[in-house]
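Chemist: Below is data37.csv; it holds CSV, C-alpha atoms.
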chain,number,residue,atom,x,y,z
V,1,MET,CA,114.5,-73.9,227.6
V,2,THR,CA,117.3,-75.4,225.4
V,3,ALA,CA,116.7,-78.6,223.4
V,4,GLU,CA,119.0,-80.5,225.8
V,5,GLU,CA,117.1,-79.2,228.8
V,6,LEU,CA,113.9,-80.5,227.1
V,7,GLY,CA,115.5,-83.9,226.5
V,8,LEU,CA,115.7,-83.5,222.8
V,9,PRO,CA,116.2,-85.3,220.5
V,10,MET,CA,114.5,-88.3,222.1
V,11,ALA,CA,116.7,-91.3,221.9
V,12,VAL,CA,115.0,-94.2,220.0
V,13,PRO,CA,117.7,-96.8,219.2
V,14,ALA,CA,117.5,-98.7,215.9
V,15,MET,CA,118.4,-102.3,215.5
V,16,ASP,CA,121.8,-103.4,214.2
V,17,LEU,CA,123.5,-100.1,214.6
V,18,PRO,CA,126.8,-99.5,216.4
V,19,ALA,CA,126.6,-98.6,220.1
V,20,ARG,CA,129.4,-96.1,219.7
V,21,VAL,CA,130.9,-94.0,216.9
V,22,THR,CA,134.2,-92.2,216.6
V,23,ILE,CA,133.9,-88.8,215.0
V,24,HIS,CA,137.0,-87.9,213.0
V,25,GLU,CA,136.8,-84.1,213.2
V,26,VAL,CA,138.2,-82.3,210.2
V,27,GLY,CA,137.0,-78.7,210.7
V,28,ALA,CA,140.4,-77.3,211.6
V,29,ARG,CA,142.1,-78.8,208.5
V,30,ASP,CA,139.6,-79.6,205.8
V,31,GLY,CA,137.3,-76.9,206.9
V,32,LEU,CA,139.7,-74.0,207.2
V,33,GLN,CA,141.9,-74.9,204.2
V,34,ASN,CA,139.0,-73.8,201.9
V,35,GLU,CA,138.6,-70.4,203.4
V,36,LYS,CA,139.4,-67.4,201.2
V,37,ALA,CA,140.9,-65.5,204.2
V,38,THR,CA,143.6,-67.0,206.3
V,39,VAL,CA,142.5,-67.6,209.9
V,40,PRO,CA,145.1,-66.4,212.5
V,41,THR,CA,147.2,-69.2,214.1
V,42,PRO,CA,146.0,-68.4,217.7
V,43,VAL,CA,142.4,-68.6,216.5
V,44,LYS,CA,143.0,-72.0,215.0
V,45,ALA,CA,144.7,-73.2,218.2
V,46,GLN,CA,141.7,-72.0,220.2
V,47,PHE,CA,139.3,-73.7,217.8
V,48,ILE,CA,141.1,-77.0,218.2
V,49,ARG,CA,141.2,-76.6,222.0
V,50,ARG,CA,137.5,-75.9,222.1
V,51,LEU,CA,136.7,-78.9,220.0
V,52,ALA,CA,138.7,-81.1,222.4
V,53,ASP,CA,136.9,-79.5,225.3
V,54,ALA,CA,133.6,-80.5,223.6
V,55,GLY,CA,134.6,-84.1,223.8
V,56,LEU,CA,136.0,-84.8,220.3
V,57,THR,CA,138.9,-87.2,220.6
V,58,THR,CA,140.3,-87.2,217.1
V,59,ILE,CA,140.9,-83.7,215.6
V,60,GLU,CA,142.7,-83.3,212.4
V,61,ALA,CA,145.0,-80.4,213.2
V,62,THR,CA,146.7,-79.2,209.9
V,63,SER,CA,148.5,-80.2,206.8
V,64,PHE,CA,152.2,-80.2,206.0
V,65,VAL,CA,151.8,-79.3,202.4
V,66,HIS,CA,153.8,-76.7,200.5
V,67,PRO,CA,152.3,-73.2,201.4
V,68,LYS,CA,152.1,-72.5,197.6
V,69,TRP,CA,149.3,-75.1,197.3
V,70,VAL,CA,147.3,-74.5,200.5
V,71,PRO,CA,148.3,-71.1,201.9
V,72,GLN,CA,145.6,-71.2,204.6
V,73,LEU,CA,147.6,-73.9,206.3
V,74,ALA,CA,151.1,-72.4,205.9
V,75,ASP,CA,151.4,-72.1,209.7
V,76,ALA,CA,151.6,-75.8,210.4
V,77,GLU,CA,154.9,-75.5,212.2
V,78,GLN,CA,153.6,-72.7,214.4
V,79,LEU,CA,150.2,-74.2,215.1
V,80,PHE,CA,151.0,-77.8,216.0
V,81,PRO,CA,153.1,-77.0,219.1
V,82,LEU,CA,150.2,-74.8,220.4
V,83,VAL,CA,147.9,-77.8,220.6
V,84,SER,CA,150.3,-80.9,220.9
V,85,ASP,CA,149.7,-81.1,224.7
V,86,LEU,CA,146.1,-81.9,224.2
V,87,PRO,CA,145.1,-85.5,225.3
V,88,VAL,CA,143.5,-86.2,222.0
V,89,ALA,CA,144.6,-87.7,218.6
V,90,LEU,CA,145.9,-84.9,216.3
V,91,PRO,CA,146.3,-86.4,212.8
V,92,VAL,CA,148.1,-84.3,210.2
V,93,LEU,CA,148.2,-84.6,206.4
V,94,VAL,CA,151.6,-85.3,204.7
V,95,PRO,CA,151.8,-85.4,200.9
V,96,ASN,CA,155.4,-86.6,200.6
V,97,GLN,CA,158.5,-87.4,202.6
V,98,ARG,CA,159.3,-83.7,203.1
V,99,GLY,CA,155.9,-83.3,204.8
V,100,LEU,CA,156.5,-86.4,206.9
V,101,ASP,CA,159.9,-85.0,208.0
V,102,ARG,CA,158.2,-81.8,209.1
V,103,ALA,CA,155.5,-83.7,211.1
V,104,LEU,CA,158.1,-85.9,212.8
V,105,VAL,CA,160.2,-83.0,214.0
V,106,LEU,CA,157.1,-81.7,215.8
V,107,GLY,CA,156.2,-85.0,217.4
V,108,ALA,CA,153.1,-85.9,215.3
V,109,ARG,CA,152.0,-89.5,215.9
V,110,ARG,CA,149.3,-89.8,213.3
V,111,VAL,CA,149.5,-88.9,209.6
V,112,ALA,CA,147.4,-89.2,206.5
V,113,VAL,CA,148.2,-89.4,202.8
V,114,PHE,CA,145.6,-88.4,200.2
V,115,ALA,CA,145.0,-90.2,197.0
V,116,SER,CA,142.3,-90.1,194.3
V,117,ALA,CA,140.1,-92.8,192.7
V,118,THR,CA,140.2,-90.9,189.4
V,119,GLU,CA,142.9,-89.7,187.1
V,120,SER,CA,141.4,-86.3,186.6
V,121,PHE,CA,141.5,-85.4,190.3
V,122,ALA,CA,144.9,-87.0,190.8
V,123,LYS,CA,146.2,-84.7,188.1
V,124,ALA,CA,144.4,-81.6,189.6
V,125,ASN,CA,145.3,-82.3,193.2
V,126,LEU,CA,148.7,-83.9,193.0
V,127,ASN,CA,149.9,-83.3,189.4
V,128,ARG,CA,150.4,-87.1,189.1
V,129,THR,CA,148.5,-90.1,187.8
V,130,VAL,CA,146.8,-92.3,190.3
V,131,ASP,CA,149.6,-94.9,190.2
V,132,GLU,CA,152.3,-92.2,190.3
V,133,ALA,CA,150.7,-90.8,193.5
V,134,LEU,CA,150.6,-94.3,195.1
V,135,ALA,CA,154.3,-94.7,194.3
V,136,MET,CA,155.0,-91.4,195.9
V,137,PHE,CA,153.2,-92.5,199.1
V,138,GLU,CA,154.9,-95.9,199.4
V,139,PRO,CA,158.1,-94.7,201.1
V,140,VAL,CA,156.1,-92.2,203.1
V,141,VAL,CA,153.8,-94.8,204.6
V,142,ARG,CA,156.7,-97.3,205.0
V,143,ARG,CA,158.7,-94.7,207.0
V,144,ALA,CA,155.7,-93.7,209.1
V,145,LYS,CA,155.1,-97.3,210.0
V,146,ASP,CA,158.8,-97.7,210.9
V,147,GLU,CA,158.3,-94.7,213.2
V,148,ARG,CA,155.3,-96.6,214.7
V,149,MET,CA,152.9,-93.9,213.5
V,150,GLN,CA,149.3,-94.5,212.7
V,151,VAL,CA,148.6,-93.9,209.0
V,152,ARG,CA,145.3,-93.0,207.4
V,153,GLY,CA,144.7,-93.2,203.6
V,154,TYR,CA,142.2,-90.6,202.2
V,155,LEU,CA,140.6,-91.5,198.9
V,156,SER,CA,138.8,-88.7,197.1
V,157,MET,CA,136.2,-89.0,194.3
V,158,CYS,CA,134.9,-92.3,195.5
V,159,PHE,CA,131.3,-91.7,194.2
V,160,GLY,CA,131.6,-89.2,191.4
V,161,ASP,CA,134.1,-86.9,189.7
V,162,PRO,CA,133.3,-83.4,188.3
V,163,TRP,CA,135.3,-84.2,185.1
V,164,GLU,CA,134.7,-87.9,184.7
V,165,GLY,CA,131.2,-88.3,186.0
V,166,PRO,CA,130.3,-91.6,187.7
V,167,VAL,CA,133.2,-93.5,189.2
V,168,PRO,CA,133.0,-97.3,188.7
V,169,VAL,CA,133.0,-99.2,192.1
V,170,HIS,CA,135.8,-101.6,190.9
V,171,GLN,CA,138.0,-98.6,190.2
V,172,VAL,CA,137.5,-97.3,193.8
V,173,VAL,CA,138.1,-100.7,195.2
V,174,ARG,CA,141.4,-101.1,193.3
V,175,VAL,CA,142.9,-97.9,194.7
V,176,SER,CA,141.5,-98.6,198.2
V,177,LYS,CA,143.2,-101.9,198.2
V,178,ALA,CA,146.4,-100.3,197.0
V,179,LEU,CA,146.4,-97.9,199.9
V,180,MET,CA,145.8,-100.7,202.4
V,181,ASP,CA,148.5,-102.8,200.8
V,182,LEU,CA,150.9,-99.8,201.3
V,183,GLY,CA,150.3,-100.2,205.0
V,184,CYS,CA,147.6,-97.7,205.8
V,185,ASP,CA,145.8,-98.6,209.1
V,186,GLU,CA,142.6,-96.9,208.1
V,187,LEU,CA,140.8,-95.9,204.8
V,188,SER,CA,138.6,-92.8,204.5
V,189,LEU,CA,136.2,-93.0,201.6
V,190,GLY,CA,135.5,-89.4,200.3
V,191,ASP,CA,132.4,-88.3,198.5
V,192,THR,CA,134.3,-85.1,197.5
V,193,ILE,CA,131.5,-83.5,195.5
V,194,GLY,CA,128.6,-84.9,197.5
V,195,VAL,CA,126.9,-87.0,194.8
V,196,ALA,CA,126.7,-90.3,196.8
V,197,THR,CA,123.4,-91.9,197.6
V,198,PRO,CA,122.8,-94.7,200.2
V,199,GLY,CA,122.6,-97.6,197.8
V,200,HIS,CA,125.8,-96.6,196.2
V,201,VAL,CA,127.4,-96.4,199.6
V,202,LEU,CA,126.3,-99.8,200.6
V,203,ASP,CA,127.4,-101.3,197.3
V,204,LEU,CA,130.9,-99.8,197.6
V,205,LEU,CA,131.3,-101.0,201.2
V,206,SER,CA,130.1,-104.5,200.3
V,207,GLU,CA,132.6,-104.7,197.4
V,208,LEU,CA,135.4,-103.6,199.6
V,209,ASN,CA,134.6,-106.3,202.1
V,210,GLU,CA,134.5,-108.9,199.3
V,211,GLU,CA,138.0,-107.8,198.3
V,212,GLY,CA,139.4,-108.2,201.8
V,213,VAL,CA,139.1,-104.6,203.2
V,214,PRO,CA,137.4,-105.0,206.6
V,215,THR,CA,134.6,-102.6,207.7
V,216,SER,CA,136.6,-101.9,210.9
V,217,ALA,CA,139.3,-100.2,208.8
V,218,ILE,CA,136.9,-98.0,206.9
V,219,GLY,CA,135.8,-94.4,207.6
V,220,VAL,CA,133.4,-92.4,205.5
V,221,HIS,CA,133.7,-88.7,204.5
V,222,PHE,CA,130.6,-87.2,203.1
V,223,HIS,CA,129.8,-83.8,201.7
V,224,ASP,CA,126.3,-82.4,201.8
V,225,THR,CA,126.1,-80.8,198.3
V,226,TYR,CA,122.8,-82.5,197.6
V,227,GLY,CA,121.6,-82.9,201.2
V,228,GLN,CA,122.5,-86.6,201.3
V,229,ALA,CA,125.3,-86.7,203.9
V,230,LEU,CA,123.2,-87.9,206.8
V,231,ALA,CA,121.3,-90.4,204.7
V,232,ASN,CA,124.6,-91.8,203.4
V,233,THR,CA,126.0,-91.8,207.0
V,234,LEU,CA,123.0,-93.9,208.2
V,235,ALA,CA,123.6,-96.4,205.4
V,236,ALA,CA,127.3,-96.7,206.4
V,237,LEU,CA,126.2,-97.2,210.0
V,238,GLN,CA,123.8,-99.9,209.0
V,239,HIS,CA,126.8,-101.6,207.3
V,240,GLY,CA,128.8,-101.4,210.5
V,241,VAL,CA,131.1,-98.4,209.9
V,242,THR,CA,132.0,-96.8,213.2
V,243,THR,CA,134.3,-93.9,212.0
V,244,ILE,CA,132.6,-90.9,210.5
V,245,ASP,CA,134.4,-87.8,209.3
V,246,ALA,CA,132.7,-84.5,210.0
V,247,SER,CA,133.5,-80.8,210.2
V,248,ALA,CA,132.4,-78.5,213.0
V,249,GLY,CA,129.8,-76.1,211.7
V,250,GLY,CA,129.9,-77.8,208.3
V,251,LEU,CA,133.0,-75.9,207.3
V,252,GLY,CA,135.0,-76.9,204.2
V,253,GLY,CA,135.0,-78.2,200.7
V,254,CYS,CA,137.9,-78.8,198.4
V,255,PRO,CA,140.0,-76.1,196.8
V,256,TYR,CA,140.7,-78.4,193.7
V,257,ALA,CA,137.0,-79.4,193.1
V,258,LYS,CA,134.9,-76.3,192.8
V,259,SER,CA,131.6,-78.2,193.0
V,260,ALA,CA,132.6,-79.5,196.4
V,261,THR,CA,130.6,-77.7,199.1
V,262,GLY,CA,130.7,-78.1,202.8
V,263,ASN,CA,131.4,-81.3,204.8
V,264,LEU,CA,128.9,-83.0,206.9
V,265,ALA,CA,128.4,-80.8,209.9
V,266,THR,CA,129.5,-82.4,213.1
V,267,GLU,CA,126.6,-81.0,215.0
V,268,ASP,CA,124.1,-82.4,212.5
V,269,LEU,CA,125.8,-85.8,212.9
V,270,VAL,CA,125.8,-85.7,216.7
V,271,TRP,CA,122.1,-84.8,216.7
V,272,MET,CA,121.2,-87.8,214.5
V,273,LEU,CA,123.4,-90.2,216.5
V,274,ARG,CA,122.0,-89.0,219.8
V,275,GLY,CA,118.5,-89.6,218.4
V,276,LEU,CA,119.6,-93.2,217.5
V,277,GLY,CA,121.0,-93.8,220.9
V,278,ILE,CA,124.6,-94.0,219.6
V,279,ASP,CA,127.3,-92.7,221.9
V,280,THR,CA,129.9,-90.2,220.7
V,281,GLY,CA,131.2,-88.7,223.9
V,282,VAL,CA,130.5,-85.2,222.5
V,283,ASP,CA,128.9,-82.4,224.4
V,284,LEU,CA,126.6,-80.9,221.8
V,285,GLY,CA,126.1,-77.6,223.6
V,286,ARG,CA,129.8,-77.0,223.8
V,287,LEU,CA,130.3,-78.0,220.2
V,288,THR,CA,127.5,-75.8,219.0
V,289,ALA,CA,129.0,-72.8,220.9
V,290,THR,CA,132.4,-73.5,219.4
V,291,SER,CA,131.0,-73.5,215.8
V,292,ALA,CA,129.0,-70.4,216.5
V,293,TRP,CA,132.2,-68.8,217.8
V,294,MET,CA,134.2,-69.7,214.7
V,295,ALA,CA,131.4,-68.5,212.5
V,296,ASP,CA,131.6,-65.1,214.1
V,297,ARG,CA,135.3,-65.0,213.4
V,298,LEU,CA,134.7,-66.0,209.8
V,299,GLY,CA,132.1,-63.3,209.5
V,300,ARG,CA,129.2,-65.5,208.3
V,301,PRO,CA,126.5,-67.8,209.7
V,302,SER,CA,127.3,-71.5,210.2
V,303,PRO,CA,125.9,-73.7,207.4
V,304,SER,CA,125.0,-76.4,210.0
V,305,ARG,CA,121.3,-76.6,210.5
V,306,THR,CA,121.8,-77.8,214.1
V,307,VAL,CA,124.1,-74.9,215.0
V,308,ARG,CA,121.5,-72.5,213.6
V,309,ALA,CA,118.6,-74.1,215.4
V,310,LEU,CA,120.3,-74.4,218.8
V,311,SER,CA,122.0,-71.0,218.5
V,312,HIS,CA,118.6,-69.4,217.6
V,313,LYS,CA,116.9,-71.1,220.6
V,314,ASP,CA,119.7,-70.0,222.9
V,315,SER,CA,119.3,-66.5,221.6
V,316,GLU,CA,115.6,-66.5,222.1
V,317,GLY,CA,116.1,-67.8,225.7
V,318,SER,CA,118.5,-65.1,226.5
V,319,LYS,CA,116.2,-62.4,225.1
V,320,THR,CA,113.2,-63.5,227.2
V,321,SER,CA,115.2,-63.7,230.4
V,322,GLU,CA,117.0,-60.3,229.9
V,323,ASP,CA,115.9,-57.2,231.7
V,324,PRO,CA,114.9,-54.7,228.9
V,325,LYS,CA,116.6,-51.8,230.5
V,326,ASP,CA,119.9,-53.7,230.4
V,327,SER,CA,119.7,-54.9,226.8
V,328,GLU,CA,121.8,-52.2,225.2
V,329,ASP,CA,124.6,-52.5,227.7
V,330,SER,CA,124.5,-56.3,227.6
V,331,HIS,CA,124.7,-56.2,223.8
V,332,LYS,CA,127.8,-54.0,224.0
V,333,GLU,CA,129.5,-56.4,226.4
V,334,ARG,CA,128.9,-59.4,224.1
Do you think you could lay out the structure here as structure tokens?

Modeler:
Amino acid sequence: MTAEELGLPMAVPAMDLPARVTIHEVGARDGLQNEKATVPTPVKAQFIRRLADAGLTTIEATSFVHPKWVPQLADAEQLFPLVSDLPVALPVLVPNQRGLDRALVLGARRVAVFASATESFAKANLNRTVDEALAMFEPVVRRAKDERMQVRGYLSMCFGDPWEGPVPVHQVVRVSKALMDLGCDELSLGDTIGVATPGHVLDLLSELNEEGVPTSAIGVHFHDTYGQALANTLAALQHGVTTIDASAGGLGGCPYAKSATGNLATEDLVWMLRGLGIDTGVDLGRLTATSAWMADRLGRPSPSRTVRALSHKDSEGSKTSEDPKDSEDSHKER
């Protein structure tokens, strides 16, 4: 029997946690942009459609950056029309006004800009200082708001930087407030190299609140480099955060920060939230099947522990129910 058929995980709600969480799925963008090989456009489109079918309502589709910088996402103009009919939010990244122009032509309604809390990463990622990057985003955000688009502000290196080490909380708060002052509707706090710990998360969230950034406008984006992503997520939930970024199958990293490993796996997140009695609207079985499907196309196992566990159990179940004399033919059909 599958875990779901057995009623696992058992839901044991904890006090003072949100009743529902919105998962901001980043696998199709943040996940695939870090792949060495370029995934074919039809496969990307099918991936996004399968994620939507699994119940995810916000799926980051692609990035309108120059192909020179992120060649894996050079097909943004070809991909977006293949999924734009889906009844889900499809945010896209736009680094500048040119990127926003391209997104508008295709009918995108949600965009994101991406800043850095540190000078080193701003230089590596955008070839600008922190303040120069904010100045570049100002007309982009203003025009997007004029077009009645929803704007998200990504902030990288909120907890540590591979060149600078620890990042002072006040430094992160300053750039966070600057993004909100530009007109961003939502802020995503990125633990780009996965060094955050729960106390650090709570401290940053509290400081942001004290400086006027409401918890309702904050999302969190954790990487699992040191196995802390779920612990950090739980800390954010305890603070009242209800938007969690995650990547199907744990895909992704950051092409400009080599120590950045995979994102928090969406399946691992859903498993924990289900155990806490928190609603996500996600069908874990369909999501797991989707990540296993994509892992096959990438030619390697999924790094998600939940995908591995559930896929293994499903495989065991199919083996025990299979007629031995049909096993060879069945394997060929699969």

Chemist: Dig up all the protein and nucleic acid residues within 9 Å of (148.4, -92.8, 192.2) in the file frame, using only C-alpha atoms, and format them as number ranges by chain.

Modeler: V: 115-119, 122, 126, 128-137, 175

Chemist: I need the residues from that last selection saved to file as a short mmCIF file (atom, residue, chain, number, x, y, z; two decimals), in the frame of the given file (with C-alpha atoms), if you can.

Modeler:
data_model
loop_
_atom_site.label_atom_id
_atom_site.label_comp_id
_atom_site.auth_asym_id
_atom_site.auth_seq_id
_atom_site.Cartn_x
_atom_site.Cartn_y
_atom_site.Cartn_z
CA ALA V 115 145.00 -90.20 197.00
CA SER V 116 142.30 -90.10 194.30
CA ALA V 117 140.10 -92.80 192.70
CA THR V 118 140.20 -90.90 189.40
CA GLU V 119 142.90 -89.70 187.10
CA ALA V 122 144.90 -87.00 190.80
CA LEU V 126 148.70 -83.90 193.00
CA ARG V 128 150.40 -87.10 189.10
CA THR V 129 148.50 -90.10 187.80
CA VAL V 130 146.80 -92.30 190.30
CA ASP V 131 149.60 -94.90 190.20
CA GLU V 132 152.30 -92.20 190.30
CA ALA V 133 150.70 -90.80 193.50
CA LEU V 134 150.60 -94.30 195.10
CA ALA V 135 154.30 -94.70 194.30
CA MET V 136 155.00 -91.40 195.90
CA PHE V 137 153.20 -92.50 199.10
CA VAL V 175 142.90 -97.90 194.70
#

Chemist: Using atom CA of Ser156 of chain V and atom CA of Pro71 of chain V as the two end points, give the distance in Å to one decimal.

Modeler: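 That distance, rounded to one decimal, is 20.6 Å.
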
Chemist: Neighbours of segment 242-245 of chain V within 6 Å (all atoms listed in the file; same-chain residues fewer than 5 positions away dropped), as a PDB file with C-alpha atoms, in the frame of the given file?

Modeler:
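New file selection_3.pdb:
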ATOM      1  CA  VAL V  21     130.900 -94.000 216.900  1.00  0.00           C
ATOM      2  CA  THR V  22     134.200 -92.200 216.600  1.00  0.00           C
ATOM      3  CA  ILE V  23     133.900 -88.800 215.000  1.00  0.00           C
ATOM      4  CA  HIS V  24     137.000 -87.900 213.000  1.00  0.00           C
ATOM      5  CA  GLU V  25     136.800 -84.100 213.200  1.00  0.00           C
ATOM      6  CA  GLY V 219     135.800 -94.400 207.600  1.00  0.00           C
ATOM      7  CA  VAL V 220     133.400 -92.400 205.500  1.00  0.00           C
ATOM      8  CA  HIS V 221     133.700 -88.700 204.500  1.00  0.00           C
TER       9      HIS V 221
END

Chemist: Find the residues around Arg148 of chain V up to 8 Å (only C-alpha atoms counted), leave out those fewer than 3 positions away in its own chain, and share them as a list in words.

Modeler: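 Near neighbours after the sequence-gap exclusion: Arg109, Ala144 and Lys145 of chain V.
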
Chemist: Let me see the file: selected residues, C-alpha atoms, as a PDB file, in the frame of the given file.

Modeler:
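Output file selection01.pdb follows:
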ATOM      1  CA  ARG V 109     152.000 -89.500 215.900  1.00  0.00           C
ATOM      2  CA  ALA V 144     155.700 -93.700 209.100  1.00  0.00           C
ATOM      3  CA  LYS V 145     155.100 -97.300 210.000  1.00  0.00           C
TER       4      LYS V 145
END

Chemist: My list of candidates is V:Glu60, V:Glu164, V:Asp279, V:Asp85. Which is closest to Pro18 of chain V when distances are computed with all atoms listed in the file?

Modeler: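 Smallest distance to Pro18 of chain V is found for V:Asp279.
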
Chemist: Please indicate the distance in Å from atom CA of Thr288 of chain V to atom CA of Val307 of chain V, rounded to one decimal place.

Modeler: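 Going from atom CA of Thr288 of chain V over to atom CA of Val307 of chain V covers 5.3 Å.
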
Chemist: Could the residues of segment 7-126 of chain V that have an atom at most 7 Å from segment 138-143 of chain V be listed as a Markdown table, each with its closest atom pair and the distance in Å to one decimal, counting all atoms listed in the file and ordered by chain and ascending residue number?

Modeler:
| residue | atom | partner | partner_atom | distance |
| --- | --- | --- | --- | --- |
| V:Asn96 | CA | V:Val140 | CA | 6.2 |
| V:Gln97 | CA | V:Val140 | CA | 5.4 |
| V:Leu100 | CA | V:Val140 | CA | 6.9 |

Chemist: Quick one: distance from atom CA of Gly31 of chain V to atom CA of Leu204 of chain V in Å, one decimal?

Modeler: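 Interatomic distance here is 25.5 Å.
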
Chemist: Taking all atoms listed in the file into account, which of V:Gly240, V:Pro9, V:Pro91, V:Pro198 comes nearest Val151 of chain V?

Modeler: V:Pro91

Chemist: What would the list of residues within 6 Å of (148.8, -87.0, 200.7) (file frame) look like as JSON, numbers by chain, if only C-alpha atoms are what count?

Modeler: {"V": [94, 95, 113, 114]}

Chemist: Skipping near chain neighbours, those fewer than 2 positions away, what residues fall within 12 Å of Gly199 of chain V using all atoms listed in the file, listed as a ChimeraX atom specification?

Modeler: /V:159,169,195-197,201-206,228,231-236,238-239

Chemist: Find the residues around Ala52 of chain V up to 10 Å (all atoms listed in the file counted), leave out those fewer than 5 positions away in its own chain, and share them as a ChimeraX atom specification.

Modeler: /V:25,46-47,57-59,83,86-89,282,286-287

Chemist: Which residues come within 12 Å of Ala248 of chain V, counting all atoms listed in the file, excluding same-chain residues fewer than 3 positions away, as a PyMOL selection string?

Modeler: chain V and resi 23-32+47-48+50-52+54+56+59-60+245+251-252+262-270+282+284+286-295+302-307
